[in-house]
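Undergrad: To be precise about what I am sending: the file is called coords_13.pdb and holds PDB, C-alpha atoms and all ligand atoms.
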```pdb
ATOM      1  CA  MET A 893      43.660  14.913  -9.697
ATOM      2  CA  THR A 894      41.030  12.328  -8.897
ATOM      3  CA  GLU A 895      37.561  13.774  -8.609
ATOM      4  CA  THR A 896      35.172  12.096  -6.213
ATOM      5  CA  MET A 897      31.733  11.491  -7.629
ATOM      6  CA  ALA A 898      30.239  10.955  -4.197
ATOM      7  CA  ASP A 899      28.638  14.385  -3.896
ATOM      8  CA  GLN A 900      26.981  14.225  -7.282
ATOM      9  CA  ALA A 901      23.342  13.685  -8.178
ATOM     10  CA  VAL A 902      22.158  11.349 -10.902
ATOM     11  CA  ILE A 903      18.803  10.811 -12.592
ATOM     12  CA  ILE A 904      18.208   7.374 -14.060
ATOM     13  CA  THR A 905      15.060   6.965 -16.145
ATOM     14  CA  GLY A 906      13.363   3.569 -16.184
ATOM     15  CA  SER A 907      15.242   2.499 -13.056
ATOM     16  CA  GLY A 908      12.367   0.645 -11.407
ATOM     17  CA  GLN A 909      13.716  -2.660 -12.703
ATOM     18  CA  GLY A 910      16.327  -4.360 -14.867
ATOM     19  CA  LEU A 911      19.444  -2.509 -15.977
ATOM     20  CA  GLY A 912      18.245   0.873 -14.712
ATOM     21  CA  ARG A 913      17.888  -0.609 -11.238
ATOM     22  CA  ALA A 914      21.435  -2.006 -11.479
ATOM     23  CA  PHE A 915      22.775   1.432 -12.477
ATOM     24  CA  ALA A 916      20.886   3.023  -9.569
ATOM     25  CA  LEU A 917      22.296   0.517  -7.055
ATOM     26  CA  ARG A 918      25.840   0.982  -8.387
ATOM     27  CA  PHE A 919      25.748   4.786  -8.235
ATOM     28  CA  ALA A 920      24.168   4.705  -4.781
ATOM     29  CA  ALA A 921      26.824   2.266  -3.526
ATOM     30  CA  GLU A 922      29.430   4.830  -4.599
ATOM     31  CA  GLY A 923      27.682   7.518  -2.560
ATOM     32  CA  LEU A 924      25.868   9.427  -5.294
ATOM     33  CA  LYS A 925      22.391  10.784  -4.715
ATOM     34  CA  VAL A 926      20.047   8.888  -6.998
ATOM     35  CA  LEU A 927      16.686   9.921  -8.405
ATOM     36  CA  VAL A 928      14.988   6.639  -9.289
ATOM     37  CA  CYS A 929      12.464   7.402 -12.045
ATOM     38  CA  ASP A 930       9.977   5.109 -13.706
ATOM     39  CA  ILE A 931       6.535   5.215 -15.245
ATOM     40  CA  ARG A 932       5.681   2.611 -12.614
ATOM     41  CA  ALA A 933       5.728   4.550  -9.346
ATOM     42  CA  ASP A 934       5.622   1.384  -7.212
ATOM     43  CA  SER A 935       8.762  -0.089  -8.746
ATOM     44  CA  ALA A 936      10.639   3.242  -8.526
ATOM     45  CA  GLU A 937       9.682   3.458  -4.856
ATOM     46  CA  SER A 938      10.797  -0.082  -4.167
ATOM     47  CA  VAL A 939      14.261   0.540  -5.714
ATOM     48  CA  ALA A 940      14.632   3.831  -3.804
ATOM     49  CA  ARG A 941      13.716   1.979  -0.599
ATOM     50  CA  GLU A 942      16.240  -0.758  -1.380
ATOM     51  CA  ILE A 943      18.944   1.933  -1.699
ATOM     52  CA  GLN A 944      17.883   3.726   1.496
ATOM     53  CA  GLU A 945      17.841   0.453   3.454
ATOM     54  CA  ALA A 946      21.414  -0.174   2.299
ATOM     55  CA  GLY A 947      22.399   3.274   3.657
ATOM     56  CA  GLY A 948      22.350   5.166   0.363
ATOM     57  CA  THR A 949      20.561   8.334  -0.724
ATOM     58  CA  ALA A 950      17.674   7.997  -3.154
ATOM     59  CA  ARG A 951      14.288   9.434  -3.984
ATOM     60  CA  ALA A 952      11.632   7.940  -6.226
ATOM     61  CA  VAL A 953       9.712   9.868  -8.855
ATOM     62  CA  ALA A 954       7.009   8.685 -11.236
ATOM     63  CA  VAL A 955       7.862   9.939 -14.716
ATOM     64  CA  ASP A 956       6.575   9.366 -18.209
ATOM     65  CA  VAL A 957       9.498  10.274 -20.463
ATOM     66  CA  THR A 958       7.121  10.926 -23.378
ATOM     67  CA  ASP A 959       5.545  13.813 -21.459
ATOM     68  CA  GLU A 960       7.353  17.162 -21.491
ATOM     69  CA  ALA A 961       5.832  18.390 -18.205
ATOM     70  CA  SER A 962       6.642  15.097 -16.513
ATOM     71  CA  THR A 963      10.335  15.242 -17.542
ATOM     72  CA  SER A 964      10.555  18.856 -16.280
ATOM     73  CA  GLN A 965       9.054  17.808 -12.946
ATOM     74  CA  MET A 966      11.604  14.966 -12.780
ATOM     75  CA  CYS A 967      14.515  17.394 -13.080
ATOM     76  CA  ASP A 968      12.911  19.854 -10.650
ATOM     77  CA  ALA A 969      12.570  16.967  -8.180
ATOM     78  CA  ALA A 970      16.303  16.198  -8.433
ATOM     79  CA  LEU A 971      17.226  19.847  -7.917
ATOM     80  CA  SER A 972      14.907  20.293  -4.961
ATOM     81  CA  ALA A 973      15.897  16.989  -3.299
ATOM     82  CA  PHE A 974      19.645  17.137  -3.940
ATOM     83  CA  GLY A 975      20.373  20.770  -4.893
ATOM     84  CA  ARG A 976      22.197  19.704  -8.056
ATOM     85  CA  LEU A 977      21.991  17.564 -11.168
ATOM     86  CA  ASP A 978      25.247  16.201 -12.556
ATOM     87  CA  ILE A 979      24.341  13.085 -14.520
ATOM     88  CA  LEU A 980      21.376  11.891 -16.584
ATOM     89  CA  VAL A 981      21.182   8.250 -17.627
ATOM     90  CA  ASN A 982      18.557   7.853 -20.359
ATOM     91  CA  ASN A 983      17.667   4.209 -19.815
ATOM     92  CA  ALA A 984      13.837   4.079 -19.988
ATOM     93  CA  SER A 985      12.610   2.079 -22.920
ATOM     94  CA  ILE A 986       9.926  -0.218 -24.175
ATOM     95  CA  PHE A 987      12.025  -3.340 -24.300
ATOM     96  CA  SER A 988      11.331  -6.386 -22.157
ATOM     97  CA  SER A 989       7.615  -6.324 -23.027
ATOM     98  CA  LEU A 990       8.196  -6.347 -26.822
ATOM     99  CA  LYS A 991       6.915  -9.139 -29.055
ATOM    100  CA  MET A 992       9.102 -10.215 -31.948
ATOM    101  CA  ARG A 993       7.429  -9.991 -35.363
ATOM    102  CA  PRO A 994       8.322  -9.115 -38.959
ATOM    103  CA  PHE A 995       8.259  -5.355 -39.485
ATOM    104  CA  PHE A 996       5.275  -5.554 -41.817
ATOM    105  CA  LYS A 997       3.228  -7.029 -38.982
ATOM    106  CA  ILE A 998       4.055  -4.404 -36.345
ATOM    107  CA  PRO A 999       0.897  -2.416 -35.549
ATOM    108  CA  VAL A1000       1.577   1.201 -36.510
ATOM    109  CA  GLU A1001       0.405   2.393 -33.097
ATOM    110  CA  GLU A1002       3.013   0.122 -31.480
ATOM    111  CA  TRP A1003       5.691   1.552 -33.809
ATOM    112  CA  ARG A1004       4.778   5.100 -32.766
ATOM    113  CA  LYS A1005       4.755   4.217 -29.064
ATOM    114  CA  VAL A1006       8.199   2.575 -29.176
ATOM    115  CA  VAL A1007       9.730   5.529 -31.017
ATOM    116  CA  ASP A1008       7.984   7.940 -28.643
ATOM    117  CA  VAL A1009       9.370   6.308 -25.487
ATOM    118  CA  ASN A1010      12.766   5.134 -26.749
ATOM    119  CA  LEU A1011      13.771   8.164 -28.826
ATOM    120  CA  THR A1012      11.544  11.159 -28.062
ATOM    121  CA  GLY A1013      11.806  10.231 -24.367
ATOM    122  CA  VAL A1014      15.601  10.620 -24.537
ATOM    123  CA  TYR A1015      15.173  13.986 -26.228
ATOM    124  CA  LEU A1016      12.658  15.259 -23.652
ATOM    125  CA  ALA A1017      14.554  14.052 -20.573
ATOM    126  CA  SER A1018      17.809  15.536 -21.913
ATOM    127  CA  ARG A1019      16.108  18.802 -22.799
ATOM    128  CA  ALA A1020      14.774  19.048 -19.249
ATOM    129  CA  ALA A1021      18.129  18.211 -17.618
ATOM    130  CA  VAL A1022      20.414  20.382 -19.739
ATOM    131  CA  PRO A1023      19.648  23.850 -18.256
ATOM    132  CA  ALA A1024      20.928  22.818 -14.795
ATOM    133  CA  MET A1025      24.065  21.354 -16.394
ATOM    134  CA  GLN A1026      24.601  24.492 -18.481
ATOM    135  CA  ASP A1027      24.324  26.590 -15.312
ATOM    136  CA  ALA A1028      26.917  24.341 -13.652
ATOM    137  CA  GLY A1029      29.218  24.439 -16.703
ATOM    138  CA  ARG A1030      29.489  20.653 -16.602
ATOM    139  CA  GLY A1031      27.340  17.574 -17.092
ATOM    140  CA  ARG A1032      27.131  13.986 -18.243
ATOM    141  CA  ILE A1033      24.409  12.404 -20.366
ATOM    142  CA  VAL A1034      24.634   8.654 -20.875
ATOM    143  CA  ASN A1035      22.179   7.177 -23.371
ATOM    144  CA  ILE A1036      21.424   3.466 -23.312
ATOM    145  CA  ALA A1037      21.128   2.457 -26.977
ATOM    146  CA  SER A1038      21.642  -1.152 -28.122
ATOM    147  CA  ALA A1039      24.032  -3.437 -29.993
ATOM    148  CA  VAL A1040      21.037  -4.480 -32.126
ATOM    149  CA  VAL A1041      21.792  -1.379 -34.237
ATOM    150  CA  PRO A1042      25.195  -2.536 -35.571
ATOM    151  CA  MET A1043      23.818  -6.114 -35.676
ATOM    152  CA  GLY A1044      20.671  -5.106 -37.581
ATOM    153  CA  ARG A1045      18.792  -7.646 -35.475
ATOM    154  CA  PRO A1046      15.529  -8.641 -37.204
ATOM    155  CA  ASN A1047      11.933  -8.755 -35.994
ATOM    156  CA  TYR A1048      11.643  -5.638 -33.887
ATOM    157  CA  LEU A1049      12.324  -2.908 -36.380
ATOM    158  CA  HIS A1050      10.659  -0.193 -34.281
ATOM    159  CA  TYR A1051      13.072  -0.968 -31.440
ATOM    160  CA  VAL A1052      16.159  -1.137 -33.695
ATOM    161  CA  SER A1053      15.160   2.110 -35.437
ATOM    162  CA  SER A1054      14.503   3.899 -32.143
ATOM    163  CA  LYS A1055      17.938   2.894 -30.819
ATOM    164  CA  ALA A1056      19.600   3.960 -34.092
ATOM    165  CA  GLY A1057      17.925   7.320 -33.509
ATOM    166  CA  VAL A1058      19.449   7.458 -30.022
ATOM    167  CA  ILE A1059      22.929   7.039 -31.535
ATOM    168  CA  GLY A1060      22.294   9.904 -33.980
ATOM    169  CA  LEU A1061      20.860  12.062 -31.196
ATOM    170  CA  THR A1062      23.961  11.316 -29.090
ATOM    171  CA  ARG A1063      26.263  12.608 -31.825
ATOM    172  CA  GLY A1064      24.352  15.777 -32.655
ATOM    173  CA  MET A1065      23.676  16.626 -29.025
ATOM    174  CA  ALA A1066      27.345  16.089 -28.130
ATOM    175  CA  ARG A1067      28.327  18.785 -30.646
ATOM    176  CA  GLU A1068      25.716  21.210 -29.310
ATOM    177  CA  LEU A1069      26.663  20.752 -25.635
ATOM    178  CA  GLY A1070      30.460  20.567 -25.754
ATOM    179  CA  ALA A1071      30.717  24.313 -25.111
ATOM    180  CA  TRP A1072      29.354  23.716 -21.589
ATOM    181  CA  ASN A1073      31.576  20.685 -20.865
ATOM    182  CA  ILE A1074      28.543  18.465 -21.082
ATOM    183  CA  THR A1075      29.406  15.113 -22.618
ATOM    184  CA  VAL A1076      26.853  12.889 -24.332
ATOM    185  CA  ASN A1077      27.730   9.254 -24.986
ATOM    186  CA  ALA A1078      25.885   6.066 -25.842
ATOM    187  CA  VAL A1079      26.311   2.586 -24.388
ATOM    188  CA  LEU A1080      25.226  -0.245 -26.711
ATOM    189  CA  PRO A1081      24.550  -3.372 -24.632
ATOM    190  CA  GLY A1082      24.281  -6.792 -26.196
ATOM    191  CA  ALA A1083      21.641  -9.151 -24.794
ATOM    192  CA  THR A1084      21.963  -8.855 -21.019
ATOM    193  CA  GLU A1085      20.072 -11.013 -18.558
ATOM    194  CA  THR A1086      18.218  -9.237 -15.754
ATOM    195  CA  GLU A1087      15.649 -10.349 -13.177
ATOM    196  CA  ILE A1088      12.924  -9.720 -15.806
ATOM    197  CA  GLU A1089      11.807 -12.577 -18.076
ATOM    198  CA  ARG A1090      11.356 -11.595 -21.719
ATOM    199  CA  GLU A1091      10.423 -13.087 -25.044
ATOM    200  CA  THR A1092      12.894 -11.226 -27.256
ATOM    201  CA  VAL A1093      15.541 -13.975 -26.911
ATOM    202  CA  SER A1094      14.443 -17.632 -27.193
ATOM    203  CA  PRO A1095      16.554 -20.365 -25.501
ATOM    204  CA  GLN A1096      17.971 -21.342 -28.920
ATOM    205  CA  GLN A1097      18.804 -17.709 -29.754
ATOM    206  CA  ARG A1098      20.439 -17.360 -26.331
ATOM    207  CA  GLU A1099      22.808 -20.239 -27.100
ATOM    208  CA  ALA A1100      23.538 -18.842 -30.579
ATOM    209  CA  LEU A1101      24.200 -15.363 -29.145
ATOM    210  CA  ILE A1102      26.635 -16.740 -26.606
ATOM    211  CA  ALA A1103      28.402 -18.792 -29.297
ATOM    212  CA  SER A1104      28.795 -15.647 -31.446
ATOM    213  CA  ARG A1105      30.639 -13.791 -28.695
ATOM    214  CA  SER A1106      34.404 -13.507 -28.205
ATOM    215  CA  ILE A1107      33.730 -13.925 -24.469
ATOM    216  CA  ARG A1108      31.355 -16.899 -24.457
ATOM    217  CA  ARG A1109      28.924 -16.329 -21.634
ATOM    218  CA  ALA A1110      25.670 -14.533 -20.912
ATOM    219  CA  GLY A1111      25.852 -10.791 -20.232
ATOM    220  CA  THR A1112      24.964  -9.567 -16.729
ATOM    221  CA  PRO A1113      23.966  -6.082 -15.508
ATOM    222  CA  ASP A1114      27.335  -5.767 -13.758
ATOM    223  CA  ASP A1115      29.026  -5.996 -17.165
ATOM    224  CA  LEU A1116      27.437  -2.594 -17.885
ATOM    225  CA  THR A1117      27.417  -0.679 -14.610
ATOM    226  CA  GLY A1118      31.124   0.221 -14.693
ATOM    227  CA  VAL A1119      30.897   1.338 -18.325
ATOM    228  CA  VAL A1120      27.988   3.655 -17.512
ATOM    229  CA  ARG A1121      29.907   4.887 -14.474
ATOM    230  CA  PHE A1122      32.910   5.692 -16.696
ATOM    231  CA  PHE A1123      30.815   7.846 -19.040
ATOM    232  CA  ALA A1124      29.287   9.540 -15.969
ATOM    233  CA  SER A1125      32.681  10.238 -14.401
ATOM    234  CA  GLU A1126      35.403  12.839 -14.743
ATOM    235  CA  ASP A1127      37.628  10.210 -16.406
ATOM    236  CA  SER A1128      35.565  10.485 -19.620
ATOM    237  CA  ARG A1129      35.737  14.306 -19.749
ATOM    238  CA  PHE A1130      37.299  14.392 -23.255
ATOM    239  CA  VAL A1131      35.069  11.654 -24.709
ATOM    240  CA  THR A1132      31.803  12.721 -26.286
ATOM    241  CA  GLY A1133      29.442  11.658 -29.056
ATOM    242  CA  GLN A1134      30.742   8.082 -28.835
ATOM    243  CA  SER A1135      29.039   4.701 -28.915
ATOM    244  CA  LEU A1136      30.550   1.843 -26.934
ATOM    245  CA  VAL A1137      29.348  -1.700 -27.583
ATOM    246  CA  VAL A1138      29.255  -3.943 -24.496
ATOM    247  CA  ASP A1139      28.363  -7.358 -25.894
ATOM    248  CA  GLY A1140      31.252  -9.676 -25.081
ATOM    249  CA  GLY A1141      32.836  -8.917 -28.453
ATOM    250  CA  THR A1142      30.165  -9.846 -30.991
ATOM    251  CA  VAL A1143      30.094  -6.803 -33.248
ATOM    252  CA  PHE A1144      33.016  -4.419 -33.704
ATOM    253  CA  LEU A1145      32.333  -0.773 -34.568
TER
HETATM  254  N1  LIG B1201      18.582  -6.114 -21.256
HETATM  255  C1  LIG B1201      19.078  -6.162 -22.494
HETATM  256  O1  LIG B1201      19.394  -7.234 -23.042
HETATM  257  C2  LIG B1201      19.299  -4.891 -23.270
HETATM  258  C3  LIG B1201      20.110  -4.946 -24.424
HETATM  259  C4  LIG B1201      20.325  -3.767 -25.137
HETATM  260  C5  LIG B1201      19.773  -2.583 -24.706
HETATM  261  N2  LIG B1201      18.978  -2.576 -23.586
HETATM  262  C6  LIG B1201      18.432  -1.289 -23.158
HETATM  263  O2  LIG B1201      18.788  -1.095 -21.800
HETATM  264  C7  LIG B1201      17.755  -0.355 -21.135
HETATM  265  C8  LIG B1201      17.240  -1.149 -19.942
HETATM  266  O3  LIG B1201      16.856  -2.448 -20.374
HETATM  267  P1  LIG B1201      16.077  -3.449 -19.412
HETATM  268  O4  LIG B1201      16.440  -4.817 -19.840
HETATM  269  O5  LIG B1201      16.282  -3.064 -17.994
HETATM  270  O6  LIG B1201      14.552  -3.116 -19.880
HETATM  271  P2  LIG B1201      13.174  -3.252 -19.061
HETATM  272  O7  LIG B1201      12.104  -3.344 -20.095
HETATM  273  O8  LIG B1201      13.278  -4.356 -18.057
HETATM  274  O9  LIG B1201      13.057  -1.887 -18.248
HETATM  275  C9  LIG B1201      12.655  -0.695 -18.872
HETATM  276  C10 LIG B1201      12.113   0.238 -17.793
HETATM  277  O10 LIG B1201      11.660   1.439 -18.455
HETATM  278  C11 LIG B1201      10.404   1.808 -17.861
HETATM  279  N3  LIG B1201       9.628   2.611 -18.796
HETATM  280  C12 LIG B1201       8.935   2.186 -19.896
HETATM  281  N4  LIG B1201       8.277   3.207 -20.460
HETATM  282  C13 LIG B1201       8.567   4.316 -19.735
HETATM  283  C14 LIG B1201       8.173   5.689 -19.825
HETATM  284  N5  LIG B1201       7.342   6.124 -20.796
HETATM  285  N6  LIG B1201       8.663   6.560 -18.908
HETATM  286  C15 LIG B1201       9.466   6.124 -17.913
HETATM  287  N7  LIG B1201       9.863   4.840 -17.762
HETATM  288  C16 LIG B1201       9.409   3.940 -18.662
HETATM  289  C17 LIG B1201       9.735   0.479 -17.543
HETATM  290  O11 LIG B1201       8.676   0.623 -16.589
HETATM  291  C18 LIG B1201      10.916  -0.344 -17.029
HETATM  292  O12 LIG B1201      11.102  -0.185 -15.635
HETATM  293  C19 LIG B1201      16.693  -0.089 -22.192
HETATM  294  O13 LIG B1201      16.955   1.156 -22.809
HETATM  295  C20 LIG B1201      16.915  -1.208 -23.184
HETATM  296  O14 LIG B1201      16.410  -0.894 -24.448
HETATM  297  C21 LIG B1201      18.734  -3.702 -22.865
END
```
Please go through the file and, once you have read it, give me the structure as structure tokens.
TA:
Amino acid sequence: MTETMADQAVIITGSGQGLGRAFALRFAAEGLKVLVCDIRADSAESVAREIQEAGGTARAVAVDVTDEASTSQMCDAALSAFGRLDILVNNASIFSSLKMRPFFKIPVEEWRKVVDVNLTGVYLASRAAVPAMQDAGRGRIVNIASAVVPMGRPNYLHYVSSKAGVIGLTRGMARELGAWNITVNAVLPGATETEIERETVSPQQREALIASRSIRRAGTPDDLTGVVRFFASEDSRFVTGQSLVVDGGTVFL
């Protein structure tokens, strides 16, 4: 039996730009109702508008994933706008704005902030979304981690550590939620180019990254959207606690 996802509702955190925006556009193109959530209200609104103008269903919500009340309001907004909550994509992160530096030069406040958004934010958003999924007896949580964890990429240790935490959270949470048919999986992207410029990959590193891949080209958001869709779909119903690297075949888990 093929289940249609078209009636389902999805929350995507950090979907005002970059990969989150690409996930939002993909789900909306398949007919899902999308709650576009970002700490930057203007960018969330612009992505929701883009979806609506293309004939899709979307609402925008300003959320700070480090704030418990804000994540609860986000889930309440999905339930009141769409009447259901089937999928949570934990994508929000401090990423494209990061500066590369040796770990002993990272300001401690910056360390705390990155862990707060990238790890505690996943915990809080999941915690807020789970009751509706438990009531429904089904749900999908897709956590965007990073291939920098198996690579041990240097010079942003707070980021690497936060994403390692997301992989651990994915495993433990998967065990706790299996009884409700809620799956929790992690996607580990390699460097993926979006519309946002960033300093974490220099032109020389970009060439070296591409050369280290089995598939020798730059990664694009569309290399990830179908993988996220799979973990959000009925097809992945017996897959949980897993980490899937999407990096053109650089590291093998
Ligand atoms: N692009 C890549 O190469 C790559 C590689 C591996 C993993 N990732 C991961 O994929 C995800 C998306 O990456 P991206 O390239 O689109 O990053 P990005 O930095 O362009 O986008 C992150 C989004 O999260 C939002 N955000 C930040 N703090 C927030 C908060 N407290 N609450 C709510 N939203 C907040 C930002 O406003 C932004 O819209 C991130 O989790 C990132 O770590 C990206």
Undergrad: Using only C-alpha atoms and all ligand atoms, determine which residues fall within 6 Å of ligand LIG 1201 (chain B), then list them as a PyMOL selection string.
TA: chain A and resi 905-912+930-932+955-958+983-988+1009+1036-1038+1081-1085+1088
Undergrad: If the PyMOL selection byres (((chain A and resi 999-1008) around 9) and not hetatm) is run on the structure shown, which residues does it catch, given as number ranges by chain?
TA: A: 957-958, 985-987, 995-998, 1009-1013, 1049-1051, 1053-1055, 1057
Undergrad: When you look at Arg1121 of chain A with a cut-off of 10 Å (counting all atoms listed in the file), what residues show up, excluding the ones that are within fewer than 2 positions of it in the same chain? I need them as a list in words.
TA: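 Counting only the stated atoms, we get Met897, Phe915, Arg918, Phe919, Glu922, Ile979, Val981, Val1034, Leu1116, Thr1117, Gly1118, Val1119, Phe1123, Ala1124, Ser1125, Glu1126, Asp1127 and Ser1128 of chain A.
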Undergrad: For Val1058 of chain A, which of A:Ile1033, A:Ile943, A:Ile1107, A:Ile903 is the closest residue, counting all atoms listed in the file?
TA: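 Looking only at the distances to Val1058 of chain A, the closest residue turns out to be A:Ile1033.
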Undergrad: Hey, can you check how far atom CA of Ala1024 of chain A sits from atom CA of Val926 of chain A?
TA: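 One can read the atom CA of Ala1024 of chain A to atom CA of Val926 of chain A distance as 16.0 Å.
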Undergrad: Record the distance separating atom CA of Ala1017 of chain A and atom CA of Leu977 of chain A, expressed in Å with one decimal.
TA: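 Atom-to-atom, atom CA of Ala1017 of chain A and atom CA of Leu977 of chain A are spaced 12.5 Å apart.
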Undergrad: How would segment 1050-1066 of chain A read, as a PDB file, in the coordinates of the input, once N, CA and C atoms are built in?
TA:
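Output below, filename rebuild.pdb:
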```pdb
ATOM      1  N   HIS A1050      10.922  -1.451 -34.995  1.00  0.00           N
ATOM      2  CA  HIS A1050      10.659  -0.193 -34.281  1.00  0.00           C
ATOM      3  C   HIS A1050      11.713   0.023 -33.200  1.00  0.00           C
ATOM      4  N   TYR A1051      12.062  -1.053 -32.507  1.00  0.00           N
ATOM      5  CA  TYR A1051      13.072  -0.968 -31.440  1.00  0.00           C
ATOM      6  C   TYR A1051      14.448  -0.630 -32.029  1.00  0.00           C
ATOM      7  N   VAL A1052      14.843  -1.364 -33.070  1.00  0.00           N
ATOM      8  CA  VAL A1052      16.159  -1.137 -33.695  1.00  0.00           C
ATOM      9  C   VAL A1052      16.244   0.301 -34.224  1.00  0.00           C
ATOM     10  N   SER A1053      15.172   0.754 -34.869  1.00  0.00           N
ATOM     11  CA  SER A1053      15.160   2.110 -35.437  1.00  0.00           C
ATOM     12  C   SER A1053      15.223   3.157 -34.338  1.00  0.00           C
ATOM     13  N   SER A1054      14.490   2.920 -33.239  1.00  0.00           N
ATOM     14  CA  SER A1054      14.503   3.899 -32.143  1.00  0.00           C
ATOM     15  C   SER A1054      15.910   4.008 -31.554  1.00  0.00           C
ATOM     16  N   LYS A1055      16.599   2.873 -31.413  1.00  0.00           N
ATOM     17  CA  LYS A1055      17.938   2.894 -30.819  1.00  0.00           C
ATOM     18  C   LYS A1055      18.967   3.484 -31.786  1.00  0.00           C
ATOM     19  N   ALA A1056      18.748   3.294 -33.101  1.00  0.00           N
ATOM     20  CA  ALA A1056      19.600   3.960 -34.092  1.00  0.00           C
ATOM     21  C   ALA A1056      19.429   5.469 -33.962  1.00  0.00           C
ATOM     22  N   GLY A1057      18.190   5.901 -33.723  1.00  0.00           N
ATOM     23  CA  GLY A1057      17.925   7.320 -33.509  1.00  0.00           C
ATOM     24  C   GLY A1057      18.663   7.851 -32.292  1.00  0.00           C
ATOM     25  N   VAL A1058      18.745   7.031 -31.248  1.00  0.00           N
ATOM     26  CA  VAL A1058      19.449   7.458 -30.022  1.00  0.00           C
ATOM     27  C   VAL A1058      20.935   7.684 -30.317  1.00  0.00           C
ATOM     28  N   ILE A1059      21.509   6.865 -31.196  1.00  0.00           N
ATOM     29  CA  ILE A1059      22.929   7.039 -31.535  1.00  0.00           C
ATOM     30  C   ILE A1059      23.121   8.347 -32.317  1.00  0.00           C
ATOM     31  N   GLY A1060      22.218   8.640 -33.236  1.00  0.00           N
ATOM     32  CA  GLY A1060      22.294   9.904 -33.980  1.00  0.00           C
ATOM     33  C   GLY A1060      22.100  11.100 -33.065  1.00  0.00           C
ATOM     34  N   LEU A1061      21.122  10.991 -32.177  1.00  0.00           N
ATOM     35  CA  LEU A1061      20.860  12.062 -31.196  1.00  0.00           C
ATOM     36  C   LEU A1061      22.107  12.305 -30.344  1.00  0.00           C
ATOM     37  N   THR A1062      22.757  11.222 -29.935  1.00  0.00           N
ATOM     38  CA  THR A1062      23.961  11.316 -29.090  1.00  0.00           C
ATOM     39  C   THR A1062      25.031  12.148 -29.796  1.00  0.00           C
ATOM     40  N   ARG A1063      25.206  11.905 -31.079  1.00  0.00           N
ATOM     41  CA  ARG A1063      26.263  12.608 -31.825  1.00  0.00           C
ATOM     42  C   ARG A1063      25.935  14.089 -31.991  1.00  0.00           C
ATOM     43  N   GLY A1064      24.721  14.378 -32.428  1.00  0.00           N
ATOM     44  CA  GLY A1064      24.352  15.777 -32.655  1.00  0.00           C
ATOM     45  C   GLY A1064      24.307  16.573 -31.360  1.00  0.00           C
ATOM     46  N   MET A1065      23.783  15.929 -30.307  1.00  0.00           N
ATOM     47  CA  MET A1065      23.676  16.626 -29.025  1.00  0.00           C
ATOM     48  C   MET A1065      25.060  16.871 -28.424  1.00  0.00           C
ATOM     49  N   ALA A1066      25.968  15.921 -28.632  1.00  0.00           N
ATOM     50  CA  ALA A1066      27.345  16.089 -28.130  1.00  0.00           C
ATOM     51  C   ALA A1066      27.964  17.353 -28.717  1.00  0.00           C
TER      52      ALA A1066
END
```
